[in-house]
$ cat data-v9.pdb   # PDB, C-alpha atoms
ATOM      1  CA  MET W   1     160.100 -33.198 -50.026  1.00  0.00           C
ATOM      2  CA  ILE W   2     163.159 -31.789 -48.299  1.00  0.00           C
ATOM      3  CA  GLY W   3     164.833 -32.453 -44.977  1.00  0.00           C
ATOM      4  CA  VAL W   4     166.532 -29.667 -43.061  1.00  0.00           C
ATOM      5  CA  LEU W   5     169.270 -30.773 -40.668  1.00  0.00           C
ATOM      6  CA  THR W   6     170.344 -28.063 -38.233  1.00  0.00           C
ATOM      7  CA  HIS W   7     172.985 -28.257 -35.515  1.00  0.00           C
ATOM      8  CA  HIS W   8     172.709 -25.837 -32.592  1.00  0.00           C
ATOM      9  CA  TRP W   9     175.320 -25.358 -29.875  1.00  0.00           C
ATOM     10  CA  ALA W  10     173.884 -23.955 -26.661  1.00  0.00           C
ATOM     11  CA  LYS W  11     175.961 -22.047 -24.171  1.00  0.00           C
ATOM     12  CA  ALA W  12     176.777 -24.448 -21.317  1.00  0.00           C
ATOM     13  CA  ASP W  13     174.644 -22.478 -18.853  1.00  0.00           C
ATOM     14  CA  LYS W  14     171.732 -22.124 -21.311  1.00  0.00           C
ATOM     15  CA  ILE W  15     171.101 -25.752 -22.384  1.00  0.00           C
ATOM     16  CA  GLU W  16     167.637 -26.063 -20.828  1.00  0.00           C
ATOM     17  CA  GLU W  17     166.562 -22.673 -22.181  1.00  0.00           C
ATOM     18  CA  ALA W  18     167.802 -23.661 -25.638  1.00  0.00           C
ATOM     19  CA  ARG W  19     165.892 -26.959 -25.515  1.00  0.00           C
ATOM     20  CA  LYS W  20     162.694 -25.161 -24.514  1.00  0.00           C
ATOM     21  CA  LEU W  21     163.105 -22.571 -27.257  1.00  0.00           C
ATOM     22  CA  LEU W  22     163.665 -25.248 -29.911  1.00  0.00           C
ATOM     23  CA  ASP W  23     160.693 -27.255 -28.605  1.00  0.00           C
ATOM     24  CA  GLY W  24     158.535 -24.130 -28.954  1.00  0.00           C
ATOM     25  CA  ASN W  25     159.842 -23.575 -32.461  1.00  0.00           C
ATOM     26  CA  GLY W  26     158.952 -27.183 -33.298  1.00  0.00           C
ATOM     27  CA  GLU W  27     155.441 -26.667 -31.978  1.00  0.00           C
ATOM     28  CA  ALA W  28     155.046 -23.537 -34.126  1.00  0.00           C
ATOM     29  CA  GLN W  29     156.463 -25.365 -37.169  1.00  0.00           C
ATOM     30  CA  SER W  30     153.964 -28.181 -36.748  1.00  0.00           C
ATOM     31  CA  ARG W  31     151.129 -25.724 -37.441  1.00  0.00           C
ATOM     32  CA  ALA W  32     152.760 -24.293 -40.590  1.00  0.00           C
ATOM     33  CA  PRO W  33     151.516 -25.274 -44.046  1.00  0.00           C
ATOM     34  CA  GLY W  34     153.777 -27.826 -45.717  1.00  0.00           C
ATOM     35  CA  PHE W  35     155.354 -29.093 -42.479  1.00  0.00           C
ATOM     36  CA  GLY W  36     156.091 -32.814 -42.512  1.00  0.00           C
ATOM     37  CA  ALA W  37     157.778 -34.124 -39.378  1.00  0.00           C
ATOM     38  CA  ARG W  38     160.429 -33.132 -36.850  1.00  0.00           C
ATOM     39  CA  GLU W  39     162.947 -35.026 -34.751  1.00  0.00           C
ATOM     40  CA  THR W  40     165.192 -33.512 -32.102  1.00  0.00           C
ATOM     41  CA  LEU W  41     168.505 -35.207 -31.379  1.00  0.00           C
ATOM     42  CA  TYR W  42     170.661 -34.610 -28.320  1.00  0.00           C
ATOM     43  CA  SER W  43     174.344 -35.425 -28.763  1.00  0.00           C
ATOM     44  CA  LEU W  44     175.712 -38.209 -26.579  1.00  0.00           C
ATOM     45  CA  THR W  45     179.210 -36.698 -26.666  1.00  0.00           C
ATOM     46  CA  ASP W  46     178.483 -32.960 -26.454  1.00  0.00           C
ATOM     47  CA  PRO W  47     175.651 -31.953 -24.086  1.00  0.00           C
ATOM     48  CA  THR W  48     175.511 -28.489 -25.667  1.00  0.00           C
ATOM     49  CA  LYS W  49     174.750 -29.828 -29.164  1.00  0.00           C
ATOM     50  CA  ILE W  50     171.090 -30.034 -30.166  1.00  0.00           C
ATOM     51  CA  THR W  51     170.286 -31.187 -33.696  1.00  0.00           C
ATOM     52  CA  THR W  52     166.939 -31.032 -35.422  1.00  0.00           C
ATOM     53  CA  LEU W  53     165.769 -32.790 -38.574  1.00  0.00           C
ATOM     54  CA  VAL W  54     162.620 -31.289 -40.056  1.00  0.00           C
ATOM     55  CA  THR W  55     160.861 -32.281 -43.272  1.00  0.00           C
ATOM     56  CA  TRP W  56     158.952 -29.862 -45.476  1.00  0.00           C
ATOM     57  CA  ASP W  57     157.010 -30.265 -48.712  1.00  0.00           C
ATOM     58  CA  SER W  58     159.432 -28.022 -50.646  1.00  0.00           C
ATOM     59  CA  ASN W  59     162.251 -25.478 -50.447  1.00  0.00           C
ATOM     60  CA  GLU W  60     159.753 -22.692 -51.147  1.00  0.00           C
ATOM     61  CA  ILE W  61     157.544 -23.711 -48.239  1.00  0.00           C
ATOM     62  CA  TYR W  62     160.540 -23.879 -45.908  1.00  0.00           C
ATOM     63  CA  ASP W  63     161.689 -20.442 -47.104  1.00  0.00           C
ATOM     64  CA  ALA W  64     158.191 -19.104 -46.367  1.00  0.00           C
ATOM     65  CA  TRP W  65     158.403 -20.534 -42.842  1.00  0.00           C
ATOM     66  CA  ARG W  66     161.810 -18.952 -42.274  1.00  0.00           C
ATOM     67  CA  ALA W  67     160.409 -15.549 -43.304  1.00  0.00           C
ATOM     68  CA  SER W  68     157.186 -15.894 -41.289  1.00  0.00           C
ATOM     69  CA  PRO W  69     156.204 -13.793 -38.274  1.00  0.00           C
ATOM     70  CA  GLU W  70     155.418 -17.032 -36.412  1.00  0.00           C
ATOM     71  CA  ARG W  71     159.030 -18.176 -36.722  1.00  0.00           C
ATOM     72  CA  ALA W  72     160.291 -14.761 -35.619  1.00  0.00           C
ATOM     73  CA  VAL W  73     158.200 -15.025 -32.452  1.00  0.00           C
ATOM     74  CA  ALA W  74     159.192 -18.652 -31.792  1.00  0.00           C
ATOM     75  CA  MET W  75     162.913 -17.913 -32.170  1.00  0.00           C
ATOM     76  CA  ALA W  76     162.992 -14.535 -30.391  1.00  0.00           C
ATOM     77  CA  GLY W  77     166.090 -14.281 -28.211  1.00  0.00           C
ATOM     78  CA  ALA W  78     167.721 -17.397 -29.678  1.00  0.00           C
ATOM     79  CA  GLU W  79     170.976 -15.607 -30.486  1.00  0.00           C
ATOM     80  CA  GLU W  80     171.647 -15.193 -26.764  1.00  0.00           C
ATOM     81  CA  LEU W  81     171.509 -18.969 -26.240  1.00  0.00           C
ATOM     82  CA  TRP W  82     174.090 -20.133 -28.781  1.00  0.00           C
ATOM     83  CA  SER W  83     177.834 -20.472 -28.242  1.00  0.00           C
ATOM     84  CA  GLN W  84     178.289 -20.447 -32.039  1.00  0.00           C
ATOM     85  CA  ALA W  85     176.076 -19.903 -35.040  1.00  0.00           C
ATOM     86  CA  PRO W  86     173.778 -22.809 -35.927  1.00  0.00           C
ATOM     87  CA  GLU W  87     174.699 -24.804 -39.045  1.00  0.00           C
ATOM     88  CA  SER W  88     171.923 -25.899 -41.370  1.00  0.00           C
ATOM     89  CA  GLU W  89     171.794 -27.947 -44.558  1.00  0.00           C
ATOM     90  CA  ARG W  90     168.924 -28.970 -46.824  1.00  0.00           C
ATOM     91  CA  PHE W  91     168.558 -32.442 -48.298  1.00  0.00           C
ATOM     92  CA  GLU W  92     166.263 -34.104 -50.797  1.00  0.00           C
ATOM     93  CA  VAL W  93     164.260 -36.830 -49.056  1.00  0.00           C
ATOM     94  CA  ALA W  94     164.458 -40.145 -50.915  1.00  0.00           C
TER      95      ALA W  94
END
$ encode --input "data-v9.pdb" --output "structure tokens"
Amino acid sequence: MIGVLTHHWAKADKIEEARKLLDGNGEAQSRAPGFGARETLYSLTDPTKITTLVTWDSNEIYDAWRASPERAVAMAGAEELWSQAPESERFEVA
């Protein structure tokens, strides 16, 4: 199992839109094969920073999700919401 930790930085005037988009992406992920669990974290020091931690059965399954039409629909327009590119890292779950 892997965990994917992703930091997103919303534009200051787009925080609510960014939260809604990421919530919708989480809903779509939850229906994908190999999805484990998802947590969304809101920074206490930077209101524009939204971090997600999602577990998947494997790297291959996560790669399939990233390439899926469902993800493309869920994340449509996301680029307009970010003040900088999201940063993502994969981890092995112990």
$ residues_near_point --input "data-v9.pdb" --point "(167.3, -41.1, -53.7)" --cutoff "12 Å" --atoms "only C-alpha atoms" --output "compact mmCIF listing (two decimals) with C-alpha atoms, in the frame of the given file"
# COMPACT_ATOMS: atom_id res chain seq x y z
CA MET W 1 160.10 -33.20 -50.03
CA ILE W 2 163.16 -31.79 -48.30
CA PHE W 91 168.56 -32.44 -48.30
CA GLU W 92 166.26 -34.10 -50.80
CA VAL W 93 164.26 -36.83 -49.06
CA ALA W 94 164.46 -40.15 -50.92
$ atom_distance --input "data-v9.pdb" --atom1 "atom CA of Ala32 of chain W" --atom2 "atom CA of Trp65 of chain W"
7.1 Å
$ atom_distance --input "data-v9.pdb" --atom1 "atom CA of Ser43 of chain W" --atom2 "atom CA of Leu81 of chain W"
16.9 Å
$ residues_near_point --input "data-v9.pdb" --point "(153.2, -28.8, -44.3)" --cutoff "12 Å" --atoms "all atoms listed in the file" --output "list of chain:residue names"
W:Met1, W:Ile2, W:Ala28, W:Gln29, W:Ser30, W:Arg31, W:Ala32, W:Pro33, W:Gly34, W:Phe35, W:Gly36, W:Ala37, W:Arg38, W:Val54, W:Thr55, W:Trp56, W:Asp57, W:Ser58, W:Asn59, W:Glu60, W:Ile61, W:Tyr62, W:Ala64, W:Trp65
$ closest_residue --input "data-v9.pdb" --among "W:Lys49, W:Leu22, W:Asp63, W:Glu79" --to "Trp9 of chain W" --atoms "only C-alpha atoms"
W:Lys49
$ atom_distance --input "data-v9.pdb" --atom1 "atom CA of Thr45 of chain W" --atom2 "atom CA of Ala74 of chain W"
27.4 Å
$ residues_around --input "data-v9.pdb" --residues "Gln84 of chain W" --least-positions-apart "2" --cutoff "12 Å" --atoms "all atoms listed in the file" --output "list in words"
His7, His8, Trp9, Ala10, Lys11, Ala12, Thr48, Lys49, Ala78, Glu79, Glu80, Leu81, Trp82, Pro86 and Glu87 of chain W
$ closest_residue --input "data-v9.pdb" --among "W:Asp46, W:Glu39, W:Glu17, W:Asp23" --to "Gly3 of chain W" --atoms "only C-alpha atoms"
W:Glu39
$ residues_around --input "data-v9.pdb" --residues "Met75 of chain W" --least-positions-apart "2" --cutoff "9 Å" --atoms "only C-alpha atoms" --output "list in words"
Leu21, Leu22, Gly24, Asn25, Glu70, Arg71, Ala72, Val73, Gly77, Ala78 and Glu79 of chain W
$ axis_aligned_box --input "data-v9.pdb" --around "segment 14-30 of chain W" --padding-each-side "8 Å" --output "JSON"
{"center_x": 162.8, "center_y": -25.2, "center_z": -29.0, "size_x": 33.8, "size_y": 22.1, "size_z": 32.3}
$ closest_residue --input "data-v9.pdb" --among "W:Thr51, W:Ala67, W:Ser83, W:Lys20" --to "Thr6 of chain W" --atoms "only C-alpha atoms"
W:Thr51
$ closest_residue --input "data-v9.pdb" --among "W:Pro47, W:Gly26, W:Thr40, W:Ser68" --to "Asp13 of chain W" --atoms "all atoms listed in the file"
W:Pro47
$ build_atoms --input "data-v9.pdb" --residues "segment 57-75 of chain W" --atoms "N, CA, C and O atoms" --output "PDB file, in the coordinates of the input"
ATOM      1  N   ASP W  57     157.446 -29.878 -47.369  1.00  0.00           N
ATOM      2  CA  ASP W  57     157.010 -30.265 -48.712  1.00  0.00           C
ATOM      3  C   ASP W  57     157.944 -29.762 -49.807  1.00  0.00           C
ATOM      4  O   ASP W  57     158.096 -30.418 -50.830  1.00  0.00           O
ATOM      5  N   SER W  58     158.565 -28.584 -49.604  1.00  0.00           N
ATOM      6  CA  SER W  58     159.432 -28.022 -50.646  1.00  0.00           C
ATOM      7  C   SER W  58     160.351 -26.954 -50.059  1.00  0.00           C
ATOM      8  O   SER W  58     160.115 -26.457 -48.950  1.00  0.00           O
ATOM      9  N   ASN W  59     161.366 -26.585 -50.825  1.00  0.00           N
ATOM     10  CA  ASN W  59     162.251 -25.478 -50.447  1.00  0.00           C
ATOM     11  C   ASN W  59     161.463 -24.188 -50.270  1.00  0.00           C
ATOM     12  O   ASN W  59     161.715 -23.423 -49.344  1.00  0.00           O
ATOM     13  N   GLU W  60     160.531 -23.934 -51.175  1.00  0.00           N
ATOM     14  CA  GLU W  60     159.753 -22.692 -51.147  1.00  0.00           C
ATOM     15  C   GLU W  60     158.926 -22.589 -49.865  1.00  0.00           C
ATOM     16  O   GLU W  60     158.824 -21.523 -49.257  1.00  0.00           O
ATOM     17  N   ILE W  61     158.348 -23.704 -49.463  1.00  0.00           N
ATOM     18  CA  ILE W  61     157.544 -23.711 -48.239  1.00  0.00           C
ATOM     19  C   ILE W  61     158.437 -23.476 -47.022  1.00  0.00           C
ATOM     20  O   ILE W  61     158.087 -22.722 -46.106  1.00  0.00           O
ATOM     21  N   TYR W  62     159.612 -24.101 -47.024  1.00  0.00           N
ATOM     22  CA  TYR W  62     160.540 -23.879 -45.908  1.00  0.00           C
ATOM     23  C   TYR W  62     161.002 -22.424 -45.879  1.00  0.00           C
ATOM     24  O   TYR W  62     161.065 -21.808 -44.806  1.00  0.00           O
ATOM     25  N   ASP W  63     161.289 -21.851 -47.052  1.00  0.00           N
ATOM     26  CA  ASP W  63     161.689 -20.442 -47.104  1.00  0.00           C
ATOM     27  C   ASP W  63     160.578 -19.541 -46.559  1.00  0.00           C
ATOM     28  O   ASP W  63     160.854 -18.562 -45.857  1.00  0.00           O
ATOM     29  N   ALA W  64     159.323 -19.883 -46.875  1.00  0.00           N
ATOM     30  CA  ALA W  64     158.191 -19.104 -46.367  1.00  0.00           C
ATOM     31  C   ALA W  64     158.126 -19.198 -44.838  1.00  0.00           C
ATOM     32  O   ALA W  64     157.865 -18.199 -44.158  1.00  0.00           O
ATOM     33  N   TRP W  65     158.373 -20.386 -44.306  1.00  0.00           N
ATOM     34  CA  TRP W  65     158.403 -20.534 -42.842  1.00  0.00           C
ATOM     35  C   TRP W  65     159.503 -19.674 -42.237  1.00  0.00           C
ATOM     36  O   TRP W  65     159.288 -18.966 -41.260  1.00  0.00           O
ATOM     37  N   ARG W  66     160.680 -19.715 -42.817  1.00  0.00           N
ATOM     38  CA  ARG W  66     161.810 -18.952 -42.274  1.00  0.00           C
ATOM     39  C   ARG W  66     161.529 -17.452 -42.262  1.00  0.00           C
ATOM     40  O   ARG W  66     162.025 -16.744 -41.395  1.00  0.00           O
ATOM     41  N   ALA W  67     160.725 -16.974 -43.214  1.00  0.00           N
ATOM     42  CA  ALA W  67     160.409 -15.549 -43.304  1.00  0.00           C
ATOM     43  C   ALA W  67     159.140 -15.168 -42.536  1.00  0.00           C
ATOM     44  O   ALA W  67     158.770 -13.997 -42.506  1.00  0.00           O
ATOM     45  N   SER W  68     158.498 -16.140 -41.904  1.00  0.00           N
ATOM     46  CA  SER W  68     157.186 -15.894 -41.289  1.00  0.00           C
ATOM     47  C   SER W  68     157.287 -15.186 -39.939  1.00  0.00           C
ATOM     48  O   SER W  68     158.267 -15.354 -39.202  1.00  0.00           O
ATOM     49  N   PRO W  69     156.261 -14.418 -39.602  1.00  0.00           N
ATOM     50  CA  PRO W  69     156.204 -13.793 -38.274  1.00  0.00           C
ATOM     51  C   PRO W  69     156.139 -14.834 -37.155  1.00  0.00           C
ATOM     52  O   PRO W  69     156.668 -14.607 -36.068  1.00  0.00           O
ATOM     53  N   GLU W  70     155.517 -15.981 -37.427  1.00  0.00           N
ATOM     54  CA  GLU W  70     155.418 -17.032 -36.412  1.00  0.00           C
ATOM     55  C   GLU W  70     156.802 -17.556 -36.027  1.00  0.00           C
ATOM     56  O   GLU W  70     157.075 -17.792 -34.856  1.00  0.00           O
ATOM     57  N   ARG W  71     157.671 -17.719 -37.023  1.00  0.00           N
ATOM     58  CA  ARG W  71     159.030 -18.176 -36.722  1.00  0.00           C
ATOM     59  C   ARG W  71     159.786 -17.108 -35.937  1.00  0.00           C
ATOM     60  O   ARG W  71     160.513 -17.413 -34.996  1.00  0.00           O
ATOM     61  N   ALA W  72     159.611 -15.849 -36.328  1.00  0.00           N
ATOM     62  CA  ALA W  72     160.291 -14.761 -35.619  1.00  0.00           C
ATOM     63  C   ALA W  72     159.917 -14.767 -34.139  1.00  0.00           C
ATOM     64  O   ALA W  72     160.779 -14.601 -33.265  1.00  0.00           O
ATOM     65  N   VAL W  73     158.654 -14.979 -33.848  1.00  0.00           N
ATOM     66  CA  VAL W  73     158.200 -15.025 -32.452  1.00  0.00           C
ATOM     67  C   VAL W  73     158.785 -16.249 -31.750  1.00  0.00           C
ATOM     68  O   VAL W  73     159.307 -16.151 -30.637  1.00  0.00           O
ATOM     69  N   ALA W  74     158.723 -17.408 -32.405  1.00  0.00           N
ATOM     70  CA  ALA W  74     159.192 -18.652 -31.792  1.00  0.00           C
ATOM     71  C   ALA W  74     160.689 -18.619 -31.497  1.00  0.00           C
ATOM     72  O   ALA W  74     161.147 -19.216 -30.517  1.00  0.00           O
ATOM     73  N   MET W  75     161.458 -17.922 -32.325  1.00  0.00           N
ATOM     74  CA  MET W  75     162.913 -17.913 -32.170  1.00  0.00           C
ATOM     75  C   MET W  75     163.439 -16.620 -31.533  1.00  0.00           C
ATOM     76  O   MET W  75     164.654 -16.418 -31.476  1.00  0.00           O
TER      77      MET W  75
END
